[in-house]
Structures are given as C-alpha cells and as structure tokens.
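*Asks:* Quick one: structure below, then a few questions.
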Amino acid sequence: MTAPTATAQIGVTGLAVMGRNLARNLARHGYAVAVHNRSAERTDALVREFGDEGVFVPARTPAELVAALQRPRRVLLMVQAGAPTDAVIEEFAPLLEPGDILVDGGNAHFADTRRREAKLRERGIHFVGTGVSGGEEGALHGPSMMPGGSKEAYEALAPLFQDIAAKAPDGTPTVTHIGPDGAGHFVKMVHNGIEYSDMQLIGEAYDLLRQAAGYEPARIAEIFREWNRGRLGSYLIEITAEVLAHTDAATGRPFVDIVADRAGQKGTGRWTVQTALDLGTPVTGIAEAVFARAVSGHTRLREAARALPGPDRPELHPDDAARFAEQVEQALYASKVVAYAQGWHMIQAASEEYGWGIDPAAVAAIWRAGSIVRAGFLDRITAAYRANPDLPGLLADEGFAREAGAAQAAWRTVVSTAVRDGVPVPGFSSALAYYDSLRAERLPAALIQGQRDFFGAHTYRRTDREGSYHTLWATPDRPETRTE
Ligand code: NAP
C-alpha cells in the first residue's frame, strides 16, 4: 500500500538486510515509511514482498524520498559504512533544511561521526550517529539502539525509536540518548568489543571442557544449557549450547568439528582496541580476543608450528572433570566481570575526554534486550551504576568484588590447569592478571619508573613527598634532584 506525497514520518535509505528490516519494523508500528535504495530493485522488492505490513512510500531518488517526508524530516541511512556513507550524506544534505534530522544507523567509526556531525551542524542539520545492535533479526523485531547527537534531535526521534526498540524485562525500551556527536557510535563500538571478549571467553571455556576435562561437544552443550539457567544466563551462552549440540548432516560429526577454525572479523573489535590505546584504557580482554582471532587466521604459521612440543595431558577422573567444569564456570564468570569492567572503564574515559556525559547505568540498561550481549548480568551492572554513578569501576562495586573474590581460587586453578595442559586461555589469564594488577599493593611500575629515569631522565614521583625527581645516575654517589 502507498500513501500520498509528504505524509511519511520517516525515510529509510539503504534497503539491504538492516535497512529493509528497520523499515518494516517502523511500518509494523504504524509509521508511514518512505523507502529508497540506490538500486531500485531493493525498493521494489520491499514493497512487493512486505507492502501489506504497513504504509511504505517508495522513492526512486533521494529528492523523491525527501519530498515524501513530514517536517522536520527524519532520514535514516542504513548504507555501507565508510566512504559510501559520506557519499550518501553528500546526496541528501543539499536536499534538507535546517532542523531536519539525518540518522546514520550504520557501523560508522565514532571519529567519522564526529566529523560528519560538526559539518552538518554548520548547515543546521542534525546528524544522529546511532549504534544498532541485534543484527538482522533485531532490526526487524527490536534492536538495542544507541543514538548520539543533539538532545533536540533525539526528542524528535524518541517516540519512533522507543516503539521499534526491544523491550527489557521490566518493559523499558532499549534505547536512550547516549550523548552528543559520536557518543552513540562510540558506545556501539565498545559494545562490539565486549562482544568479542565475551565470545572469546566462552570459546576458551569450551576448549577447556573439551581438552582438559575431555568432554564431547554434546555434553558441553548440556553444561552450557545448565549455565544458561544461572548467573551466566545470556543470549551468547544460549546460542553456544545450540551450536555445540548441532550435528553436521553431511558427516554425522559434531558441527563444531567440521567448521574451519579461523575466526573472521569486520573491524569493530580492532577499532575498540586502537581507540583504547589512544585513551590509555586497558581493555586487555578485548585486545586478547581480537588477537586470538588473528592468530586463528594465520594458517601457514600455525601449520609450521604444529610440531612444537606440548605437555602430556593427564586424563581426568569423571569426578575431577565434573569439579573442573564447575571451576570453569567460576573462571568464566569472573573473567566476564573483568571484560565488562574494562569496557565500562573505556566508555567512561571517553565520556570524560569528549565531554559526552554518558550515563553508565543507562548503557547497561539498553543492552539488556535486543543486543547480542543481552544478559541478566546487565541488570546487575545497571543497578551497580544506579546505586553509585561515580563508581571508579565495576570491580569497585561491592557485589561484583565479592563474586570475583569468591571465584578467584577456582579461576587460578583453571588458568594454571590450562597452562599445565597447554590449552591457550589468553582471555581467562589476561582477565586474572588484570584482577591481580588492580588489587596489588605495589606494582612493578615503580621499577619501570626507575629504568625510565636511568636511561632517559624521565623523572619519577616519590611515595613520601610531593614533586618530580631525577637521580643523577652517572654521578658516582647518585644524588637526587628535584625537577618541579
Ligand atoms: P551493507 O551490505 O553494509 O550495505 C549495503 C547497502 O548500502 C545497500 O543498500 C547498498 O545499495 C548501499 N550502498 C553501498 N554503497 C552505496 C553508495 N555509494 N551509495 C548509495 N548506497 C550505497 O548493508 P547491511 O548489512 O544492511 O548494513 C547496513 C549498515 O548497518 C552498515 O553500515 C552495517 O555496518 C550496519 N550494521 C549491520 C549489521 C548486520 O548485522 N548486518 C548490524 C548492525 C549494523 P545497493 O543495493 O544499491 O548496492
């Protein structure tokens, strides 16, 4: 069904999987949606296949799409990230007027979003970089949405976004105004980084249950199902059990055994780590996850190294294997707490750096449904930051600190068993190292300061007095001077 000109409440351009499903989601919620795609076949296919789901206004050109919209115009771009997004913005911006709103729902780098927002703001056009999580299914049935940009623009979009977003268990829509300019895309980037980290930890838990405990995939699927009923309950644990329980129809073997063990990546994990290096926030779990995928892809190197010796793996008595599985659950939970703690640290650091004023509790709240990392666990993060918005980090929350502390003995057993048995656990071990670094009374950073002062006169601070100091290392009695 189509509607007359200038009646559409929102326009969507870019009708591949994401754009098409968001357009349908909007139409199903009663909005008249103008739809456009560079190649008209996608527009025609959408109207032909799903036209009965609501009101779609097909447009052949950007000008037609803009002409179909009520003012202020709301245009959602769902095109390929990078240069294509710039090209599409260039096409639409001249057709828009001050007060109109251009939403980029693609996976843009937040720095690009900042640049685009600043440029369009000069022309009075609101640019709203919006993170969208939940993939194709989420786009249709309810994504988690992370819009950044002006408050005014958010207010004009909120009724629509709240309708199409997923609903958390308490009924609240999983969308909130994250903050100005690139804040939404930044949070989406870290969301994806955390997703990498969570998946890596789950992968390591599987590997330990397989290699060290000696369980078959079907048994491990059962264990994951059991875990899913507890504190680890989440979409990622749920789908892990599904994947592990799946049998390959062609060979009758476990599906996980016939898939090539080279993990792909599209780049948001890498962006997270690159950005974290600039911000100086230690997201070691995300970095290990990105590098673990990279290692998996170096086939020639792995083949050449296959002959390297490893330890003999003792066979575990069934009782010991069952106990070990419980310890893996604890190690996985504690490592997950660290992964999320690191992600939130990064979000808060960026919020300070860019003056975004991001509410850390609201971020956790909008990932509780629709998003790939949706989990009961996020209710706990929401509650922790609501109770104390100035929490220096998740591990400073009493509840999380108690749980990580209670898990630490099992965590150490799991990491040392992995080391003993030669099972790579970069995620588990780096999370434990982070936990130990934070709780350490003294870090070897003091020695590093001494080394830096020795070779580069980089100066150091003392524990007992204010000021910066330098020791004249080349002078025989090594006198100390105060430099400021
Ligand atoms: P995509 O494959 O990333 O992009 C294809 C769409 O972009 C098509 O509509 C294509 O038009 C259009 N396009 C490409 N270059 C263009 C240009 N120069 N001018 C005009 N249009 C151009 O599609 P997608 O997977 O649906 O994703 C859309 C956006 O959402 C991306 O930024 C993606 O990163 C992001 N995202 C994707 C997912 C997911 O699960 N797929 C999840 C969250 C976010 P034609 O049909 O004419 O080629």
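Numbering starts fresh at 1 for the residues of each chain in the structure tokens, the chains themselves are lettered A, B, ... in the order given, and ligands are numbered from 1 as they appear.
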Select from segment 37-280 of chain A everything DSSP, run on the backbone, classes as alpha helix (DSSP H), then give the selection as number ranges by chain.
*Replies:* A: 40-50, 62-67, 83-92, 110-122, 135-141, 151-164, 183-211, 217-228, 235-245, 255-258, 268-279
*Asks:* Chain A near ligand 1 within 7 Å: what's each residue's closest atom pair and its distance in Å to one decimal, counting only C-alpha atoms and all ligand atoms, ordered by chain then ascending residue number, as a Markdown table?
*Replies:*
| residue | atom | partner | partner_atom_place_in_ligand_line | distance |
| --- | --- | --- | --- | --- |
| A:Gly14 | CA | ligand 1 | 9 (O) | 3.5 |
| A:Leu15 | CA | ligand 1 | 9 (O) | 4.5 |
| A:Ala16 | CA | ligand 1 | 26 (O) | 4.1 |
| A:Val17 | CA | ligand 1 | 26 (O) | 4.0 |
| A:Met18 | CA | ligand 1 | 26 (O) | 3.6 |
| A:Gly19 | CA | ligand 1 | 26 (O) | 5.5 |
| A:Asn37 | CA | ligand 1 | 9 (O) | 5.6 |
| A:Arg38 | CA | ligand 1 | 47 (O) | 3.9 |
| A:Ser39 | CA | ligand 1 | 47 (O) | 3.9 |
| A:Arg42 | CA | ligand 1 | 46 (O) | 6.3 |
| A:Met78 | CA | ligand 1 | 28 (C) | 4.5 |
| A:Val79 | CA | ligand 1 | 7 (O) | 3.4 |
| A:Gln80 | CA | ligand 1 | 3 (O) | 3.6 |
| A:Ala81 | CA | ligand 1 | 32 (O) | 4.0 |
| A:Pro84 | CA | ligand 1 | 18 (N) | 4.0 |
| A:Thr85 | CA | ligand 1 | 17 (C) | 6.9 |
| A:Ala87 | CA | ligand 1 | 18 (N) | 5.7 |
| A:Val88 | CA | ligand 1 | 19 (N) | 5.3 |
| A:Gly105 | CA | ligand 1 | 30 (O) | 6.0 |
| A:Gly106 | CA | ligand 1 | 32 (O) | 3.1 |
| A:Asn107 | CA | ligand 1 | 34 (O) | 4.1 |
| A:Ala108 | CA | ligand 1 | 32 (O) | 6.4 |
| A:Val132 | CA | ligand 1 | 43 (C) | 5.1 |
| A:Ser133 | CA | ligand 1 | 43 (C) | 5.3 |
| A:Gly134 | CA | ligand 1 | 42 (C) | 6.5 |
| A:Gly135 | CA | ligand 1 | 40 (O) | 3.5 |
| A:Glu136 | CA | ligand 1 | 40 (O) | 5.2 |
*Asks:* Given the selection you just returned, output its residues as a file containing N, CA and C atoms, formatted as a PDB file, in the first residue's frame.
*Replies:*
ATOM      1  N   GLY A  14      18.827   2.869   1.859  1.00  0.00           N
ATOM      2  CA  GLY A  14      19.723   1.728   2.058  1.00  0.00           C
ATOM      3  C   GLY A  14      18.869   0.577   2.549  1.00  0.00           C
ATOM      4  N   LEU A  15      18.442  -0.261   1.591  1.00  0.00           N
ATOM      5  CA  LEU A  15      17.469  -1.300   1.947  1.00  0.00           C
ATOM      6  C   LEU A  15      18.050  -2.701   1.834  1.00  0.00           C
ATOM      7  N   ALA A  16      19.321  -2.864   2.237  1.00  0.00           N
ATOM      8  CA  ALA A  16      19.866  -4.219   2.356  1.00  0.00           C
ATOM      9  C   ALA A  16      19.256  -4.815   3.628  1.00  0.00           C
ATOM     10  N   VAL A  17      19.812  -5.875   4.177  1.00  0.00           N
ATOM     11  CA  VAL A  17      19.133  -6.554   5.295  1.00  0.00           C
ATOM     12  C   VAL A  17      18.740  -5.633   6.444  1.00  0.00           C
ATOM     13  N   MET A  18      19.650  -4.772   6.869  1.00  0.00           N
ATOM     14  CA  MET A  18      19.376  -3.953   8.050  1.00  0.00           C
ATOM     15  C   MET A  18      18.319  -2.871   7.765  1.00  0.00           C
ATOM     16  N   GLY A  19      18.518  -2.143   6.678  1.00  0.00           N
ATOM     17  CA  GLY A  19      17.589  -1.060   6.342  1.00  0.00           C
ATOM     18  C   GLY A  19      16.189  -1.577   6.065  1.00  0.00           C
ATOM     19  N   ASN A  37      16.474   3.141  -2.164  1.00  0.00           N
ATOM     20  CA  ASN A  37      17.750   2.440  -2.270  1.00  0.00           C
ATOM     21  C   ASN A  37      18.407   2.857  -3.574  1.00  0.00           C
ATOM     22  N   ARG A  38      19.758   2.891  -3.558  1.00  0.00           N
ATOM     23  CA  ARG A  38      20.478   3.303  -4.783  1.00  0.00           C
ATOM     24  C   ARG A  38      19.981   2.518  -5.989  1.00  0.00           C
ATOM     25  N   SER A  39      19.953   1.200  -5.862  1.00  0.00           N
ATOM     26  CA  SER A  39      19.397   0.418  -6.973  1.00  0.00           C
ATOM     27  C   SER A  39      17.941   0.110  -6.628  1.00  0.00           C
ATOM     28  N   ARG A  42      15.828  -3.187  -4.876  1.00  0.00           N
ATOM     29  CA  ARG A  42      15.596  -3.468  -3.444  1.00  0.00           C
ATOM     30  C   ARG A  42      14.340  -2.758  -2.940  1.00  0.00           C
ATOM     31  N   MET A  78      20.960   3.577   6.126  1.00  0.00           N
ATOM     32  CA  MET A  78      21.418   2.234   6.503  1.00  0.00           C
ATOM     33  C   MET A  78      22.262   1.685   5.364  1.00  0.00           C
ATOM     34  N   VAL A  79      23.302   2.436   5.035  1.00  0.00           N
ATOM     35  CA  VAL A  79      24.175   2.030   3.924  1.00  0.00           C
ATOM     36  C   VAL A  79      25.518   1.573   4.462  1.00  0.00           C
ATOM     37  N   GLN A  80      26.302   1.037   3.562  1.00  0.00           N
ATOM     38  CA  GLN A  80      27.629   0.547   3.928  1.00  0.00           C
ATOM     39  C   GLN A  80      28.427   1.640   4.643  1.00  0.00           C
ATOM     40  N   ALA A  81      29.115   1.250   5.721  1.00  0.00           N
ATOM     41  CA  ALA A  81      29.890   2.235   6.478  1.00  0.00           C
ATOM     42  C   ALA A  81      31.110   2.680   5.673  1.00  0.00           C
ATOM     43  N   PRO A  84      30.977   5.040   1.374  1.00  0.00           N
ATOM     44  CA  PRO A  84      29.587   5.099   0.875  1.00  0.00           C
ATOM     45  C   PRO A  84      28.687   5.976   1.753  1.00  0.00           C
ATOM     46  N   THR A  85      28.914   5.954   3.066  1.00  0.00           N
ATOM     47  CA  THR A  85      28.083   6.788   3.953  1.00  0.00           C
ATOM     48  C   THR A  85      28.315   8.265   3.645  1.00  0.00           C
ATOM     49  N   ALA A  87      29.246   9.487   0.814  1.00  0.00           N
ATOM     50  CA  ALA A  87      28.654   9.767  -0.494  1.00  0.00           C
ATOM     51  C   ALA A  87      27.140   9.986  -0.356  1.00  0.00           C
ATOM     52  N   VAL A  88      26.497   9.160   0.457  1.00  0.00           N
ATOM     53  CA  VAL A  88      25.043   9.269   0.613  1.00  0.00           C
ATOM     54  C   VAL A  88      24.688  10.559   1.374  1.00  0.00           C
ATOM     55  N   GLY A 105      22.504   4.890  10.899  1.00  0.00           N
ATOM     56  CA  GLY A 105      22.378   3.669  11.709  1.00  0.00           C
ATOM     57  C   GLY A 105      23.418   2.625  11.367  1.00  0.00           C
ATOM     58  N   GLY A 106      24.362   2.973  10.494  1.00  0.00           N
ATOM     59  CA  GLY A 106      25.415   2.021  10.110  1.00  0.00           C
ATOM     60  C   GLY A 106      26.488   1.934  11.189  1.00  0.00           C
ATOM     61  N   ASN A 107      27.443   1.039  10.960  1.00  0.00           N
ATOM     62  CA  ASN A 107      28.527   0.873  11.926  1.00  0.00           C
ATOM     63  C   ASN A 107      29.664   1.840  11.620  1.00  0.00           C
ATOM     64  N   ALA A 108      29.414   3.125  11.793  1.00  0.00           N
ATOM     65  CA  ALA A 108      30.442   4.122  11.489  1.00  0.00           C
ATOM     66  C   ALA A 108      31.462   4.198  12.614  1.00  0.00           C
ATOM     67  N   VAL A 132      23.329   0.367  16.274  1.00  0.00           N
ATOM     68  CA  VAL A 132      22.190  -0.556  16.236  1.00  0.00           C
ATOM     69  C   VAL A 132      22.736  -1.957  16.464  1.00  0.00           C
ATOM     70  N   SER A 133      22.303  -2.613  17.526  1.00  0.00           N
ATOM     71  CA  SER A 133      22.759  -3.985  17.778  1.00  0.00           C
ATOM     72  C   SER A 133      21.596  -4.948  17.704  1.00  0.00           C
ATOM     73  N   GLY A 134      21.912  -6.181  17.315  1.00  0.00           N
ATOM     74  CA  GLY A 134      20.881  -7.220  17.271  1.00  0.00           C
ATOM     75  C   GLY A 134      20.816  -7.876  15.903  1.00  0.00           C
ATOM     76  N   GLY A 135      21.654  -7.381  14.976  1.00  0.00           N
ATOM     77  CA  GLY A 135      21.709  -7.989  13.639  1.00  0.00           C
ATOM     78  C   GLY A 135      20.381  -7.852  12.912  1.00  0.00           C
ATOM     79  N   GLU A 136      20.234  -8.733  11.922  1.00  0.00           N
ATOM     80  CA  GLU A 136      19.083  -8.706  11.035  1.00  0.00           C
ATOM     81  C   GLU A 136      17.770  -8.936  11.801  1.00  0.00           C
TER      82      GLU A 136
END
*Asks:* Gly233 of chain A: which residues within 7 Å, counting only C-alpha atoms, same-chain residues fewer than 4 positions away excluded, as a list in words?
*Replies:*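 In the requested form, the answer reads Trp227, Asn228, Arg229, Ile237, Ala375 and Gly376 of chain A.
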*Asks:* Residues near Ala158 of chain A, anyone? I mean within 9 Å using only C-alpha atoms, not counting same-chain ones fewer than 5 positions away, as a list in words.
*Replies:* Ala153, Asp163, Val175, Thr176 and His177 of chain A
*Asks:* Save the residues we just selected, C-alpha atoms, as an mmCIF file, in the first residue's frame?
*Replies:*
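Now in result.cif:
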data_model
loop_
_atom_site.group_PDB
_atom_site.id
_atom_site.type_symbol
_atom_site.label_atom_id
_atom_site.label_comp_id
_atom_site.auth_asym_id
_atom_site.auth_seq_id
_atom_site.Cartn_x
_atom_site.Cartn_y
_atom_site.Cartn_z
ATOM 1 C CA ALA A 153 17.112 15.611 17.554
ATOM 2 C CA ASP A 163 8.447 1.865 19.588
ATOM 3 C CA VAL A 175 17.144 2.998 23.587
ATOM 4 C CA THR A 176 18.414 6.137 25.246
ATOM 5 C CA HIS A 177 20.140 9.346 24.244
#
*Asks:* Just want the 12 Å neighbourhood of Ile448 of chain A, counted on only C-alpha atoms, with same-chain residues fewer than 6 positions away dropped. Output as a list in words.
*Replies:*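 Those residues are Phe454, Phe455, Gly456, His458, Thr459 and Tyr460 of chain A.
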*Asks:* Could you dump the residues just selected with N, CA and C atoms as a PDB file, in the first residue's frame?
*Replies:*
ATOM      1  N   PHE A 454      66.618   6.293  34.593  1.00  0.00           N
ATOM      2  CA  PHE A 454      68.022   5.950  34.379  1.00  0.00           C
ATOM      3  C   PHE A 454      68.444   6.256  32.937  1.00  0.00           C
ATOM      4  N   PHE A 455      67.670   5.744  31.969  1.00  0.00           N
ATOM      5  CA  PHE A 455      68.143   5.912  30.579  1.00  0.00           C
ATOM      6  C   PHE A 455      67.629   7.166  29.898  1.00  0.00           C
ATOM      7  N   GLY A 456      66.567   7.752  30.406  1.00  0.00           N
ATOM      8  CA  GLY A 456      66.003   8.885  29.662  1.00  0.00           C
ATOM      9  C   GLY A 456      65.715  10.111  30.498  1.00  0.00           C
ATOM     10  N   HIS A 458      63.538  10.609  32.658  1.00  0.00           N
ATOM     11  CA  HIS A 458      62.098  10.869  32.547  1.00  0.00           C
ATOM     12  C   HIS A 458      61.471  11.317  33.870  1.00  0.00           C
ATOM     13  N   THR A 459      62.258  11.299  34.931  1.00  0.00           N
ATOM     14  CA  THR A 459      61.846  11.705  36.291  1.00  0.00           C
ATOM     15  C   THR A 459      60.828  10.731  36.896  1.00  0.00           C
ATOM     16  N   TYR A 460      60.632  10.864  38.180  1.00  0.00           N
ATOM     17  CA  TYR A 460      59.692   9.994  38.903  1.00  0.00           C
ATOM     18  C   TYR A 460      59.112  10.782  40.066  1.00  0.00           C
TER      19      TYR A 460
END
*Asks:* With distances taken over only C-alpha atoms, which of A:Val337, A:Val295, A:Ala350, A:Ala166 is nearest to Gly280 of chain A?
*Replies:*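 Among the listed residues, the smallest separation from Gly280 of chain A belongs to A:Ala350.
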*Asks:* Compile the contact shell of Trp367 of chain A as a list of chain:residue names: residues with an atom at most 7 Å away, counting only C-alpha atoms, same-chain residues fewer than 6 positions apart removed.
*Replies:* A:Ser144, A:Thr174, A:Val373, A:Arg374
*Asks:* Contacts of Ile347 of chain A at 8 Å or less, counting only C-alpha atoms, minus same-chain residues fewer than 3 places along, as a PyMOL selection string?
*Replies:* chain A and resi 186-187+190+343-344+350-351+358+360
*Asks:* Taking into account only C-alpha atoms, which residue in the set A:Arg439, A:Lys119, A:His317, A:Arg114 is nearest to Ala404 of chain A?
*Replies:*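 Once distances to Ala404 of chain A are computed over only C-alpha atoms, the minimum belongs to A:Arg439.
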*Asks:* Find, counting only C-alpha atoms, the residue in A:Leu301, A:Ala407, A:Ala384, A:Ala63 that gets nearest to Ala334 of chain A.
*Replies:* A:Ala407
*Asks:* Return the single residue from A:Arg71, A:Arg253, A:Arg368, A:Arg225 that is closest to Lys167 of chain A, with distances computed using only C-alpha atoms.
*Replies:*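 Of all the options, A:Arg368 lies closest to Lys167 of chain A.
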*Asks:* Select, from A:Trp411, A:Tyr31, A:Tyr385, A:Tyr340, the residue with the minimum atom-to-atom distance to Pro159 of chain A, counting only C-alpha atoms.
*Replies:*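 When distances to Pro159 of chain A are compared using only C-alpha atoms, the smallest one comes from A:Tyr31.
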*Asks:* Taking the DSSP secondary structure from the backbone, can you list the residues of segment 50-258 of chain A that are strand (DSSP E or B), as a ChimeraX atom specification?
*Replies:* /A:56-58,69,74-77,101-104,126-133,144-148,167,173,175,179,234,247,254
*Asks:* Counting only C-alpha atoms, which residue out of A:Gln348, A:Thr281, A:Gln449, A:Asn21 sits closest to Ala139 of chain A?
*Replies:*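 For Ala139 of chain A, the nearest of the candidates is A:Asn21.
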